[in-house]
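Structure file query_1.txt (compact mmCIF, C-alpha atoms and all ligand atoms) follows.
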```
# COMPACT_ATOMS: atom_id res chain seq x y z
CA MET Y 1387 -132.13 -6.81 114.49
CA LYS Y 1388 -130.49 -10.22 114.97
CA ILE Y 1389 -128.29 -12.07 112.49
CA GLY Y 1390 -126.13 -15.22 112.45
CA TYR Y 1391 -122.43 -14.44 112.23
CA TYR Y 1392 -119.54 -16.48 110.83
CA PRO Y 1393 -116.12 -15.05 111.80
CA GLY Y 1394 -113.59 -17.40 110.17
CA CYS Y 1395 -110.10 -18.28 111.41
CA THR Y 1396 -108.12 -15.17 110.59
CA LEU Y 1397 -110.52 -12.81 112.33
CA LYS Y 1398 -109.81 -14.40 115.69
CA THR Y 1399 -106.07 -13.79 115.47
CA LYS Y 1400 -104.24 -11.81 112.79
CA ALA Y 1401 -107.31 -9.79 111.76
CA ARG Y 1402 -108.85 -9.00 115.13
CA ASN Y 1403 -108.91 -5.40 113.89
CA LEU Y 1404 -111.47 -6.49 111.30
CA GLU Y 1405 -113.69 -8.45 113.67
CA GLU Y 1406 -113.56 -6.27 116.75
CA SER Y 1407 -114.22 -3.01 114.92
CA ALA Y 1408 -117.15 -4.63 113.07
CA LEU Y 1409 -118.73 -6.09 116.20
CA ALA Y 1410 -118.37 -2.81 118.09
CA ALA Y 1411 -119.96 -0.95 115.17
CA LEU Y 1412 -122.82 -3.43 114.79
CA LYS Y 1413 -123.61 -3.07 118.48
CA VAL Y 1414 -123.95 0.69 118.17
CA LEU Y 1415 -126.11 0.16 115.08
CA GLY Y 1416 -128.43 -2.07 117.10
CA VAL Y 1417 -127.56 -5.26 115.23
CA GLU Y 1418 -126.97 -8.35 117.31
CA ALA Y 1419 -124.46 -10.56 115.48
CA VAL Y 1420 -124.75 -14.04 116.99
CA GLU Y 1421 -121.61 -16.09 116.41
CA LEU Y 1422 -122.33 -19.61 115.16
CA PRO Y 1423 -121.67 -22.40 117.64
CA ARG Y 1424 -118.93 -24.87 116.66
CA TRP Y 1425 -118.04 -23.21 113.37
CA ASN Y 1426 -115.08 -24.57 111.42
CA CYS Y 1427 -112.71 -23.15 108.80
CA CYS Y 1428 -114.59 -22.73 105.50
CA GLY Y 1429 -111.51 -23.76 103.50
CA ALA Y 1430 -110.76 -20.17 102.33
CA VAL Y 1431 -111.03 -21.07 98.64
CA TYR Y 1432 -113.89 -22.70 96.81
CA SER Y 1433 -112.95 -25.88 95.02
CA LEU Y 1434 -113.03 -25.40 91.26
CA ALA Y 1435 -113.01 -29.09 90.36
CA ASP Y 1436 -116.31 -30.68 89.41
CA ASP Y 1437 -115.30 -34.02 90.84
CA ASP Y 1438 -114.16 -32.63 94.20
CA LEU Y 1439 -117.10 -32.49 96.57
CA ILE Y 1440 -115.14 -33.26 99.70
CA HIS Y 1441 -113.98 -29.66 100.02
CA LEU Y 1442 -117.60 -28.54 100.11
CA ILE Y 1443 -118.17 -30.39 103.36
CA ALA Y 1444 -116.51 -27.76 105.56
CA PRO Y 1445 -118.49 -24.75 104.33
CA VAL Y 1446 -121.74 -26.73 104.17
CA ARG Y 1447 -121.25 -27.79 107.78
CA ASP Y 1448 -121.08 -24.12 108.74
CA LEU Y 1449 -124.26 -23.44 106.81
CA ILE Y 1450 -125.97 -26.29 108.65
CA ARG Y 1451 -124.85 -24.74 111.97
CA ALA Y 1452 -126.52 -21.51 110.84
CA ARG Y 1453 -129.74 -23.30 109.89
CA GLU Y 1454 -129.79 -25.24 113.17
CA SER Y 1455 -129.37 -22.00 115.10
CA GLY Y 1456 -132.48 -20.67 113.39
CA HIS Y 1457 -130.79 -18.03 111.24
CA ASP Y 1458 -132.13 -17.18 107.78
CA THR Y 1459 -129.13 -14.98 107.04
CA LEU Y 1460 -125.47 -15.52 107.77
CA LEU Y 1461 -123.19 -12.50 108.04
CA THR Y 1462 -119.52 -12.61 107.01
CA LEU Y 1463 -116.81 -9.95 107.23
CA CYS Y 1464 -113.88 -11.61 105.43
CA SER Y 1465 -114.43 -11.58 101.69
CA MET Y 1466 -112.77 -14.98 101.17
CA CYS Y 1467 -115.10 -16.59 103.71
CA TYR Y 1468 -117.99 -14.80 102.04
CA ASN Y 1469 -117.08 -16.21 98.64
CA THR Y 1470 -116.49 -19.76 99.84
CA LEU Y 1471 -119.67 -19.96 101.91
CA ALA Y 1472 -121.86 -18.24 99.32
CA ARG Y 1473 -120.67 -20.53 96.50
CA ALA Y 1474 -121.14 -23.64 98.61
CA ASN Y 1475 -124.62 -22.42 99.41
CA ASP Y 1476 -125.32 -21.77 95.74
CA ILE Y 1477 -124.44 -25.40 94.93
CA MET Y 1478 -126.68 -26.76 97.70
CA LYS Y 1479 -129.53 -24.64 96.39
CA ASN Y 1480 -129.14 -25.08 92.66
CA ASP Y 1481 -127.36 -28.36 91.96
CA ALA Y 1482 -129.69 -31.10 93.14
CA GLU Y 1483 -127.37 -33.94 92.23
CA LYS Y 1484 -124.34 -32.60 94.11
CA ALA Y 1485 -126.48 -31.52 97.04
CA LYS Y 1486 -127.86 -35.04 97.31
CA THR Y 1487 -124.40 -36.60 97.32
CA ILE Y 1488 -123.18 -34.16 99.96
CA ASN Y 1489 -126.22 -34.66 102.17
CA MET Y 1490 -125.84 -38.43 101.90
CA PHE Y 1491 -122.17 -38.23 102.76
CA MET Y 1492 -122.87 -36.10 105.84
CA ASP Y 1493 -125.35 -38.56 107.23
CA GLU Y 1494 -124.75 -37.43 110.80
CA GLU Y 1495 -126.04 -33.96 109.93
CA PRO Y 1496 -129.56 -32.84 108.96
CA ASP Y 1497 -130.04 -32.42 105.20
CA TYR Y 1498 -129.34 -28.94 103.94
CA ASP Y 1499 -131.06 -27.21 101.02
CA GLY Y 1500 -129.25 -23.90 100.59
CA SER Y 1501 -131.97 -21.94 102.37
CA VAL Y 1502 -129.65 -19.72 104.43
CA LYS Y 1503 -128.71 -16.47 102.72
CA VAL Y 1504 -125.00 -15.71 102.97
CA VAL Y 1505 -124.27 -11.99 103.07
CA HIS Y 1506 -121.21 -9.82 103.48
CA MET Y 1507 -121.25 -6.82 105.79
CA LEU Y 1508 -121.32 -4.49 102.75
CA ASP Y 1509 -124.48 -5.89 101.16
CA PHE Y 1510 -126.00 -6.35 104.60
CA MET Y 1511 -125.56 -2.61 105.14
CA ARG Y 1512 -126.97 -1.77 101.71
CA ASP Y 1513 -129.88 -4.20 101.52
CA GLN Y 1514 -130.93 -4.88 105.08
CA TYR Y 1515 -129.75 -1.99 107.22
CA GLY Y 1516 -129.90 0.76 104.61
CA TRP Y 1517 -127.54 3.59 103.72
CA ASP Y 1518 -129.98 6.26 104.96
CA LYS Y 1519 -130.28 4.70 108.39
CA LEU Y 1520 -126.51 4.25 108.57
CA LYS Y 1521 -125.99 7.88 107.64
CA GLU Y 1522 -128.10 8.99 110.59
CA LYS Y 1523 -125.76 7.14 112.94
CA VAL Y 1524 -122.56 8.77 111.67
CA LYS Y 1525 -121.12 11.04 114.37
CA VAL Y 1526 -117.68 11.73 112.92
CA PRO Y 1527 -118.13 12.05 109.15
CA LEU Y 1528 -114.89 11.28 107.34
CA ASN Y 1529 -115.11 14.61 105.50
CA GLY Y 1530 -112.13 15.50 103.39
CA PHE Y 1531 -110.59 12.05 103.75
CA LYS Y 1532 -109.79 10.67 100.31
CA VAL Y 1533 -110.33 6.94 100.51
CA GLY Y 1534 -109.86 4.44 97.70
CA PRO Y 1535 -112.08 1.40 98.24
CA TYR Y 1536 -110.40 -1.79 97.11
CA TYR Y 1537 -112.80 -4.56 96.13
CA GLY Y 1538 -110.40 -7.28 95.11
CA CYS Y 1539 -111.83 -10.45 93.59
CA THR Y 1540 -114.03 -12.42 95.89
CA LEU Y 1541 -116.82 -9.92 96.55
CA LEU Y 1542 -117.45 -9.58 92.83
CA ARG Y 1543 -116.52 -12.81 91.10
CA PRO Y 1544 -117.93 -15.10 89.93
CA LYS Y 1545 -121.23 -13.44 89.07
CA GLU Y 1546 -123.29 -16.00 91.00
CA VAL Y 1547 -122.11 -14.45 94.26
CA ALA Y 1548 -121.31 -10.89 93.14
CA LEU Y 1549 -122.42 -8.17 95.55
CA ASP Y 1550 -122.72 -5.74 92.68
CA LYS Y 1551 -122.06 -5.29 88.96
CA VAL Y 1552 -118.96 -7.36 88.27
CA ASP Y 1553 -117.05 -4.77 86.25
CA ARG Y 1554 -118.60 -1.55 87.55
CA PRO Y 1555 -119.34 -1.97 91.24
CA ILE Y 1556 -120.50 0.99 93.34
CA ILE Y 1557 -121.39 -0.67 96.64
CA PHE Y 1558 -118.11 0.18 98.36
CA ARG Y 1559 -118.28 3.73 97.05
CA GLU Y 1560 -121.77 4.07 98.50
CA PHE Y 1561 -120.62 2.70 101.84
CA MET Y 1562 -117.68 5.10 102.10
CA GLU Y 1563 -119.80 8.03 100.92
CA THR Y 1564 -122.34 7.25 103.62
CA LEU Y 1565 -119.53 7.61 106.14
CA GLY Y 1566 -118.76 11.02 104.67
CA ALA Y 1567 -115.47 10.15 102.95
CA GLU Y 1568 -114.38 11.58 99.64
CA VAL Y 1569 -114.29 8.44 97.54
CA ILE Y 1570 -111.54 7.96 94.97
CA ASP Y 1571 -112.25 5.65 92.03
CA TYR Y 1572 -109.26 4.02 90.38
CA PRO Y 1573 -109.19 1.38 87.66
CA MET Y 1574 -107.31 -1.28 89.61
CA ALA Y 1575 -109.82 -1.37 92.48
CA THR Y 1576 -111.16 -4.70 91.21
CA GLN Y 1577 -107.85 -6.22 90.13
CA CYS Y 1578 -106.38 -9.13 92.07
CA CYS Y 1579 -103.65 -8.39 94.66
CA GLY Y 1580 -102.08 -11.81 94.02
CA SER Y 1581 -103.99 -13.52 96.82
CA TYR Y 1582 -102.52 -16.86 97.92
CA GLN Y 1583 -99.70 -16.47 95.42
CA VAL Y 1584 -97.92 -14.68 98.26
CA LEU Y 1585 -96.93 -18.27 99.07
CA GLY Y 1586 -96.26 -19.60 95.57
CA ALA Y 1587 -94.97 -16.49 93.79
CA PRO Y 1588 -94.22 -13.87 96.46
CA ASP Y 1589 -92.23 -11.52 94.21
CA ILE Y 1590 -94.87 -11.38 91.51
CA THR Y 1591 -97.52 -10.81 94.17
CA LEU Y 1592 -95.51 -7.93 95.61
CA LYS Y 1593 -95.24 -6.36 92.18
CA ILE Y 1594 -98.92 -6.55 91.28
CA SER Y 1595 -99.95 -5.37 94.75
CA HIS Y 1596 -97.63 -2.41 94.37
CA ASP Y 1597 -99.22 -1.62 90.98
CA ILE Y 1598 -102.59 -1.35 92.70
CA ILE Y 1599 -101.29 1.00 95.38
CA ARG Y 1600 -99.53 3.12 92.77
CA ASP Y 1601 -102.75 3.37 90.80
CA ALA Y 1602 -104.76 4.43 93.87
CA LEU Y 1603 -102.10 7.02 94.77
CA ALA Y 1604 -102.00 8.36 91.23
CA HIS Y 1605 -105.74 8.94 91.36
CA GLY Y 1606 -105.44 10.87 94.60
CA ALA Y 1607 -106.26 8.32 97.29
CA GLU Y 1608 -104.81 9.01 100.74
CA ALA Y 1609 -105.74 5.59 102.09
CA LEU Y 1610 -107.15 2.23 101.04
CA ALA Y 1611 -110.24 0.60 102.49
CA LEU Y 1612 -110.10 -3.21 102.46
CA THR Y 1613 -112.39 -6.11 103.25
CA CYS Y 1614 -110.04 -9.10 103.32
CA PRO Y 1615 -107.14 -10.12 105.60
CA LEU Y 1616 -105.19 -11.54 102.66
CA CYS Y 1617 -105.57 -8.29 100.70
CA ASP Y 1618 -104.49 -6.50 103.89
CA PHE Y 1619 -101.39 -8.65 104.04
CA ASN Y 1620 -100.49 -8.09 100.38
CA LEU Y 1621 -101.45 -4.42 100.14
CA GLY Y 1622 -100.88 -3.33 103.72
CA LYS Y 1623 -98.39 -5.37 105.69
CA ARG Y 1624 -96.04 -5.98 102.75
CA GLN Y 1625 -95.57 -2.27 102.03
CA ASP Y 1626 -92.33 -2.44 103.98
CA LEU Y 1627 -90.95 -4.66 101.22
CA MET Y 1628 -92.26 -2.40 98.45
CA ILE Y 1629 -90.71 0.76 99.82
CA GLY Y 1630 -87.13 0.74 98.68
CA LYS Y 1631 -87.74 -1.87 96.02
CA PHE Y 1632 -90.01 0.00 93.63
CA ASP Y 1633 -89.41 3.52 92.37
CA GLY Y 1634 -91.81 5.95 93.94
CA ALA Y 1635 -93.26 3.43 96.40
CA LYS Y 1636 -94.79 5.34 99.28
CA ASP Y 1637 -96.53 4.56 102.49
CA MET Y 1638 -100.24 4.09 101.91
CA PRO Y 1639 -102.40 3.80 105.01
CA ALA Y 1640 -104.62 0.72 104.75
CA PHE Y 1641 -107.75 0.16 106.81
CA TYR Y 1642 -110.42 -2.45 107.11
CA PHE Y 1643 -113.71 -0.90 106.05
CA THR Y 1644 -115.11 -1.74 109.47
CA GLN Y 1645 -112.40 0.30 111.20
CA LEU Y 1646 -113.43 3.35 109.18
CA LEU Y 1647 -117.05 2.56 110.06
CA ALA Y 1648 -116.19 2.44 113.77
CA VAL Y 1649 -114.30 5.75 113.53
CA ALA Y 1650 -117.24 7.38 111.73
CA LEU Y 1651 -119.64 6.11 114.39
CA GLY Y 1652 -117.47 7.86 116.97
CA LEU Y 1653 -116.38 4.68 118.73
CA PRO Y 1654 -113.34 4.78 120.99
CA VAL Y 1655 -110.13 4.16 119.11
CA GLU Y 1656 -109.46 0.99 121.17
CA ALA Y 1657 -112.36 -0.70 119.38
CA CYS Y 1658 -110.35 -0.59 116.16
CA HIS Y 1659 -107.15 -2.35 117.22
CA PHE Y 1660 -104.96 -0.06 115.14
CA ASP Y 1661 -101.94 -1.79 116.66
CA LEU Y 1662 -102.52 -4.48 114.00
CA ASN Y 1663 -102.30 -1.93 111.16
CA ARG Y 1664 -99.14 -0.25 109.98
CA SER Y 1665 -98.49 2.93 111.94
CA SER Y 1666 -99.49 5.14 109.00
CA ALA Y 1667 -103.14 4.22 109.59
CA LEU Y 1668 -103.39 5.84 112.99
CA GLY Y 1669 -101.15 8.64 111.75
CA ILE Y 1670 -103.46 9.79 109.00
CA LEU Y 1671 -106.55 9.62 111.20
CA LYS Y 1672 -104.84 11.93 113.69
CA GLN Y 1673 -103.66 14.20 110.94
CA LYS Y 1674 -107.21 14.46 109.62
CA GLY Y 1675 -108.53 15.15 113.10
CA LEU Y 1676 -110.82 12.12 112.95
CA ILE Y 1677 -109.68 10.65 116.24
CA LYS Y 1678 -108.59 12.28 119.44
CA GLU Y 1679 -104.89 12.31 120.18
CA ALA Y 1680 -105.37 11.47 123.87
CA SER Y 1681 -107.30 8.24 123.50
CA ALA Y 1682 -105.03 7.07 120.70
CA ALA Y 1683 -102.19 6.13 123.02
CA MET S 376 -92.39 -17.18 68.43
CA SER S 377 -92.81 -20.54 66.73
CA ARG S 378 -94.49 -23.43 68.45
CA GLU S 379 -93.98 -26.91 67.17
CA ILE S 380 -97.00 -29.13 67.05
CA THR S 381 -96.51 -32.56 65.64
CA SER S 382 -98.68 -35.63 65.76
CA LYS S 383 -95.98 -37.18 67.95
CA ASN S 384 -96.72 -35.05 70.97
CA ILE S 385 -100.49 -34.87 70.76
CA ASP S 386 -102.28 -36.35 73.74
CA ASP S 387 -105.89 -36.83 72.62
CA LYS S 388 -106.99 -37.72 76.12
CA LEU S 389 -105.97 -34.32 77.51
CA LYS S 390 -109.21 -32.51 76.59
CA GLN S 391 -111.22 -35.33 78.08
CA LYS S 392 -109.23 -35.33 81.32
CA ILE S 393 -109.68 -31.58 81.67
CA ARG S 394 -113.38 -31.97 81.03
CA GLU S 395 -113.77 -34.72 83.60
CA ILE S 396 -112.11 -32.67 86.32
CA SER S 397 -113.40 -29.22 85.49
CA GLY S 398 -116.58 -29.74 83.50
CA GLU S 399 -115.17 -27.29 80.94
CA ILE S 400 -114.96 -27.91 77.20
CA VAL S 401 -111.77 -26.29 75.95
CA GLN S 402 -112.95 -26.39 72.33
CA GLN S 403 -115.47 -23.68 73.21
CA CYS S 404 -112.63 -21.17 73.35
CA MET S 405 -112.50 -19.07 70.18
CA GLN S 406 -109.07 -17.59 70.87
CA CYS S 407 -110.25 -14.00 71.23
CA GLY S 408 -107.64 -13.21 73.88
CA THR S 409 -109.97 -11.36 76.26
CA CYS S 410 -108.75 -13.52 79.14
CA SER S 411 -105.12 -12.70 78.42
CA GLY S 412 -105.94 -9.01 78.17
CA SER S 413 -107.57 -9.15 81.61
CA CYS S 414 -105.16 -11.38 83.49
CA PRO S 415 -103.20 -9.57 86.24
CA MET S 416 -100.45 -12.20 86.00
CA ILE S 417 -99.98 -11.96 82.24
CA GLU S 418 -96.41 -10.61 82.28
CA HIS S 419 -95.26 -13.50 84.40
CA LEU S 420 -96.80 -16.47 82.60
CA ASP S 421 -95.00 -18.90 80.27
CA TYR S 422 -98.22 -19.11 78.26
CA SER S 423 -101.09 -16.64 78.43
CA PRO S 424 -104.49 -18.07 79.35
CA ARG S 425 -105.49 -17.85 75.67
CA LEU S 426 -102.44 -19.76 74.54
CA LEU S 427 -102.92 -22.34 77.27
CA MET S 428 -106.44 -22.92 75.91
CA ALA S 429 -104.99 -23.39 72.42
CA LEU S 430 -102.38 -25.82 73.69
CA LEU S 431 -105.10 -27.79 75.44
CA GLN S 432 -107.17 -27.84 72.25
CA TRP S 433 -104.13 -29.21 70.43
CA GLY S 434 -103.46 -31.84 73.10
CA GLN S 435 -100.05 -30.42 73.98
CA ALA S 436 -99.86 -32.07 77.39
CA GLU S 437 -96.14 -31.70 77.86
CA LYS S 438 -96.16 -27.98 77.18
CA VAL S 439 -99.22 -27.37 79.34
CA LEU S 440 -98.00 -29.41 82.29
CA GLY S 441 -94.48 -28.07 82.03
CA SER S 442 -95.51 -24.41 82.08
CA ASN S 443 -95.90 -22.12 85.07
CA THR S 444 -99.24 -20.73 83.92
CA ALA S 445 -101.64 -22.63 86.17
CA TRP S 446 -99.21 -22.21 89.09
CA ILE S 447 -99.05 -18.45 88.84
CA CYS S 448 -102.80 -18.09 88.27
CA ALA S 449 -104.36 -16.64 91.43
CA SER S 450 -107.91 -17.82 90.63
CA CYS S 451 -108.99 -14.19 90.47
CA HIS S 452 -111.81 -15.07 88.05
CA VAL S 453 -111.57 -11.90 86.00
CA CYS S 454 -110.96 -13.95 82.85
CA GLN S 455 -114.10 -15.95 83.52
CA ALA S 456 -116.11 -12.80 84.16
CA ARG S 457 -115.18 -11.46 80.72
CA CYS S 458 -114.91 -14.54 78.49
CA PRO S 459 -117.45 -14.07 75.67
CA ARG S 460 -117.70 -17.85 75.24
CA GLY S 461 -118.52 -18.52 78.87
CA VAL S 462 -115.42 -20.61 79.43
CA GLU S 463 -114.70 -20.90 83.14
CA ILE S 464 -110.96 -20.57 82.75
CA PRO S 465 -110.10 -20.73 86.48
CA ARG S 466 -111.64 -24.21 86.49
CA VAL S 467 -109.40 -25.20 83.60
CA MET S 468 -106.40 -23.87 85.53
CA GLU S 469 -107.47 -25.88 88.57
CA ALA S 470 -107.78 -29.03 86.44
CA VAL S 471 -104.24 -28.51 85.12
CA ARG S 472 -102.97 -28.12 88.69
CA LEU S 473 -104.84 -31.22 89.78
CA LEU S 474 -103.33 -33.33 87.00
CA LYS S 475 -100.04 -32.81 88.79
CA LEU S 476 -101.22 -32.70 92.40
CA ARG S 477 -103.23 -35.89 92.03
CA ALA S 478 -100.04 -37.65 91.02
CA ASN S 479 -98.85 -36.67 94.50
CA VAL S 480 -96.47 -33.99 93.33
CA ASN S 481 -96.55 -30.86 95.48
CA HIS S 482 -95.91 -27.53 93.83
CA ILE S 483 -94.79 -25.96 97.09
CA GLU S 484 -93.38 -27.95 99.95
CA PRO S 485 -94.84 -26.75 103.26
CA SER S 486 -91.92 -28.16 105.24
CA ASN S 487 -89.49 -26.05 103.21
CA LEU S 488 -91.13 -22.77 104.16
CA GLN S 489 -89.02 -20.82 106.61
CA PRO S 490 -90.70 -19.83 109.88
CA GLU S 491 -89.85 -16.16 109.28
CA GLU S 492 -91.60 -16.32 105.89
CA ILE S 493 -94.84 -17.57 107.30
CA ILE S 494 -95.03 -16.20 110.82
CA ASP S 495 -96.97 -13.10 109.80
CA LEU S 496 -99.15 -14.70 107.12
CA PRO S 497 -102.88 -14.67 107.77
CA GLN S 498 -104.38 -18.15 108.15
CA ILE S 499 -106.40 -17.77 104.96
CA ALA S 500 -103.16 -17.34 103.00
CA MET S 501 -101.81 -20.65 104.27
CA VAL S 502 -105.07 -22.54 103.93
CA SER S 503 -105.72 -21.29 100.40
CA GLY S 504 -102.09 -21.61 99.27
CA PHE S 505 -101.83 -25.19 100.49
CA ARG S 506 -105.23 -26.03 99.01
CA LYS S 507 -104.10 -24.82 95.59
CA MET S 508 -100.51 -25.97 95.55
CA THR S 509 -100.15 -29.14 97.59
CA SER S 510 -101.69 -32.55 97.11
S1 LIG U 1 -111.69 -15.10 76.72
FE1 LIG U 1 -112.63 -17.14 76.47
S2 LIG U 1 -112.89 -17.41 74.25
FE2 LIG U 1 -111.47 -15.67 74.53
S3 LIG U 1 -109.41 -16.63 74.44
FE3 LIG U 1 -109.99 -16.59 76.60
S4 LIG U 1 -110.99 -18.57 76.99
FE4 LIG U 1 -110.89 -18.28 74.77
S1 LIG U 2 -108.09 -16.50 87.15
FE1 LIG U 2 -105.93 -16.93 86.71
S2 LIG U 2 -105.79 -16.94 84.47
FE2 LIG U 2 -107.74 -15.97 85.00
S3 LIG U 2 -107.26 -13.78 84.98
FE3 LIG U 2 -107.04 -14.52 87.11
S4 LIG U 2 -104.86 -15.05 87.34
FE4 LIG U 2 -105.28 -14.88 85.12
```
Render the structure in this file as structure tokens.
Amino acid sequence: MKIGYYPGCTLKTKARNLEESALAALKVLGVEAVELPRWNCCGAVYSLADDDLIHLIAPVRDLIRARESGHDTLLTLCSMCYNTLARANDIMKNDAEKAKTINMFMDEEPDYDGSVKVVHMLDFMRDQYGWDKLKEKVKVPLNGFKVGPYYGCTLLRPKEVALDKVDRPIIFREFMETLGAEVIDYPMATQCCGSYQVLGAPDITLKISHDIIRDALAHGAEALALTCPLCDFNLGKRQDLMIGKFDGAKDMPAFYFTQLLAVALGLPVEACHFDLNRSSALGILKQKGLIKEASAA
Amino acid sequence: MSREITSKNIDDKLKQKIREISGEIVQQCMQCGTCSGSCPMIEHLDYSPRLLMALLQWGQAEKVLGSNTAWICASCHVCQARCPRGVEIPRVMEAVRLLKLRANVNHIEPSNLQPEEIIDLPQIAMVSGFRKMTS
């Protein structure tokens, strides 16, 4: 199985643990993810102004690269990239007037009609690979590991690009269950972590991120599974600031969903780049006996 | 809390400006408050999303543009997902931000950010933050 792949900026640097674990896992699953040639930053957020088409140029250019490379489907791992590319694609497909303006503006590029399907690794696994097939490949089921999947915003909203039911998603639960984990549902799994407000309103962002962790802990989660490097920053990396500031704040191991996939597929721990997680991540995997002590060094 | 609305501070062009930028018609809001009940930022806003919609309907430009609401909004889209009137509130918030940004007024100043504040930030945080809060 071959698929076009868009990494995005953060996955090449700060979130190598997301990309490298995913690519290692896909290889074992027999999926060849072909990175787009000459891809550019998608812009991270979709422009919400009707009169602002210029910010659609970047994501549309990436979609054209996918089309030119002969891909019908474009795989993303970062949920912000997914959202931005999928919404840009939706416009090119369904808004003839805007699509025409954009195509005319990009006169050095071939016209684009929205015919590439943008997917995220989670719906790719559900719809194209299949949970049953994935289950057969699991070598180290995450049995007894209580994981709280955190959806955040951009995989579910707006509805035009939602991977699942906007208010009652189950796709992440299904993914984690396929890996053998004990999945913990908690109400704040779809509430925003504060996103880019870590720049504009860092204290408020810390507070609402902490509320999410507290909620997951209160419902019995031992770890969070994430899909987005910005969520990972707010809910993972910034835990150092929460502990000591908020009553009852505790360490909560945070993983990218692809790291847990790689562990469940029995891949060597090096594939997961746990050095980019907080130390509690590796700690709990050892404690649960899901990775071998020796190779973890 | 009382809110003074007089004919002196009504800007009748406000609704139109918002509509031109966002495509949204603020009069469609029926003030049910579902957005405010869903907003993760609610405790920290000068005006809730519902009240912001009311202030826009009443042409209260000064209040709207002087409030922190659109600047604390994280574009999480939960309000839009639940609005029974189909108002795309995050677009309205973006239009309010753009009224200021398009006058070349930055909300955050990239050059004022300290290296130690940004060194660990993922690229998508910087790109999205600057997209939303600088002109
Ligand atoms: S949910 Fe929609 S209709 Fe209700 S107050 Fe908010 S914007 Fe108005
Ligand atoms: S998009 Fe903005 S206003 Fe709407 S719920 Fe999210 S933070 Fe609140």
Exercise for the section: Could you report the residues within 6 Å of ligand LIG 2 (chain U), using only C-alpha atoms and all ligand atoms, as a list in words? Expected result: Ser413, Cys414, Pro415, Met416, Pro424, Cys448, Ala449, Ser450, Cys451, His452, Val453, Cys454 and Pro465 of chain S
Handout entry: ligand LIG 1 (chain U) neighbours within 9 Å using only C-alpha atoms and all ligand atoms, as a PyMOL selection string
Key = chain S and resi 401-413+424-429+454-464
Practice task
Would you please work out which residue, of S:Gln391, S:Asn479, S:Thr509, S:Ser397, is nearest to chain Y when using only C-alpha atoms?
Solution key: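 Checking each candidate against chain Y, we get S:Ser397 as the closest.
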Problem - Proximal residues of chain Y relative to chain S (all atoms listed in the file; 7 Å) as a ChimeraX atom specification - result: /Y:1395-1396,1400,1429-1431,1434-1437,1539,1543-1544,1577-1578,1580-1583,1585-1587,1615-1616
Problem - Polymer residues at most 6 Å from Ala1648 of chain Y, only C-alpha atoms, same-chain spacing of 5 or more positions, as a list in words - result: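 Listing them by chain and then by number gives Ser1407, Ala1411 and Leu1653 of chain Y.
For the atom pair formed by atom CA of Ile1477 of chain Y and atom CA of Val1502 of chain Y, the distance is 12.2 Å, given to one decimal.
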Practice task
May I have the residues within 10 Å of segment 1661-1672 of chain Y as a list in words, using all atoms listed in the file and disregarding those fewer than 6 positions away in the same chain?
Solution key: Lys1400, Ala1401, Arg1402, Asn1403, Leu1404, Leu1528, Phe1531, Glu1608, Ala1609, Leu1610, Asp1618, Phe1619, Gly1622, Lys1623, Arg1624, Gln1625, Asp1626, Asp1637, Met1638, Pro1639, Ala1640, Phe1641, Tyr1642, Leu1646, Val1649, Val1655, Lys1678, Glu1679 and Ala1682 of chain Y
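Of the listed residues Y:Lys1413, Y:Lys1388, Y:Lys1636, Y:His1605, the one whose atoms come nearest to Lys1523 of chain Y is Y:Lys1413, with distances taken using all atoms listed in the file.
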Handout entry: Nearby residues (only C-alpha atoms) at most 8 Å from Thr1576 of chain Y, same-chain spacing under 6 positions excluded, as a list in words
Key = Tyr1536, Tyr1537, Gly1538, Cys1539 and Asp1553 of chain Y
Quick one: write out the picked residues with C-alpha atoms as a PDB file, keeping the file's coordinate frame?
```pdb
ATOM      1  CA  TYR Y1536    -110.400  -1.790  97.110  1.00  0.00           C
ATOM      2  CA  TYR Y1537    -112.800  -4.560  96.130  1.00  0.00           C
ATOM      3  CA  GLY Y1538    -110.400  -7.280  95.110  1.00  0.00           C
ATOM      4  CA  CYS Y1539    -111.830 -10.450  93.590  1.00  0.00           C
ATOM      5  CA  ASP Y1553    -117.050  -4.770  86.250  1.00  0.00           C
TER       6      ASP Y1553
END
```
Could you put an axis-aligned box around every listed atom of segment 1575-1592 of chain Y, padded by 4 Å on each side, and send me its centre and edge lengths in Å to one decimal, as lines of an AutoDock Vina configuration file?
```
center_x = -101.7
center_y = -10.5
center_z = 94.6
size_x = 26.9
size_y = 26.2
size_z = 16.9
```
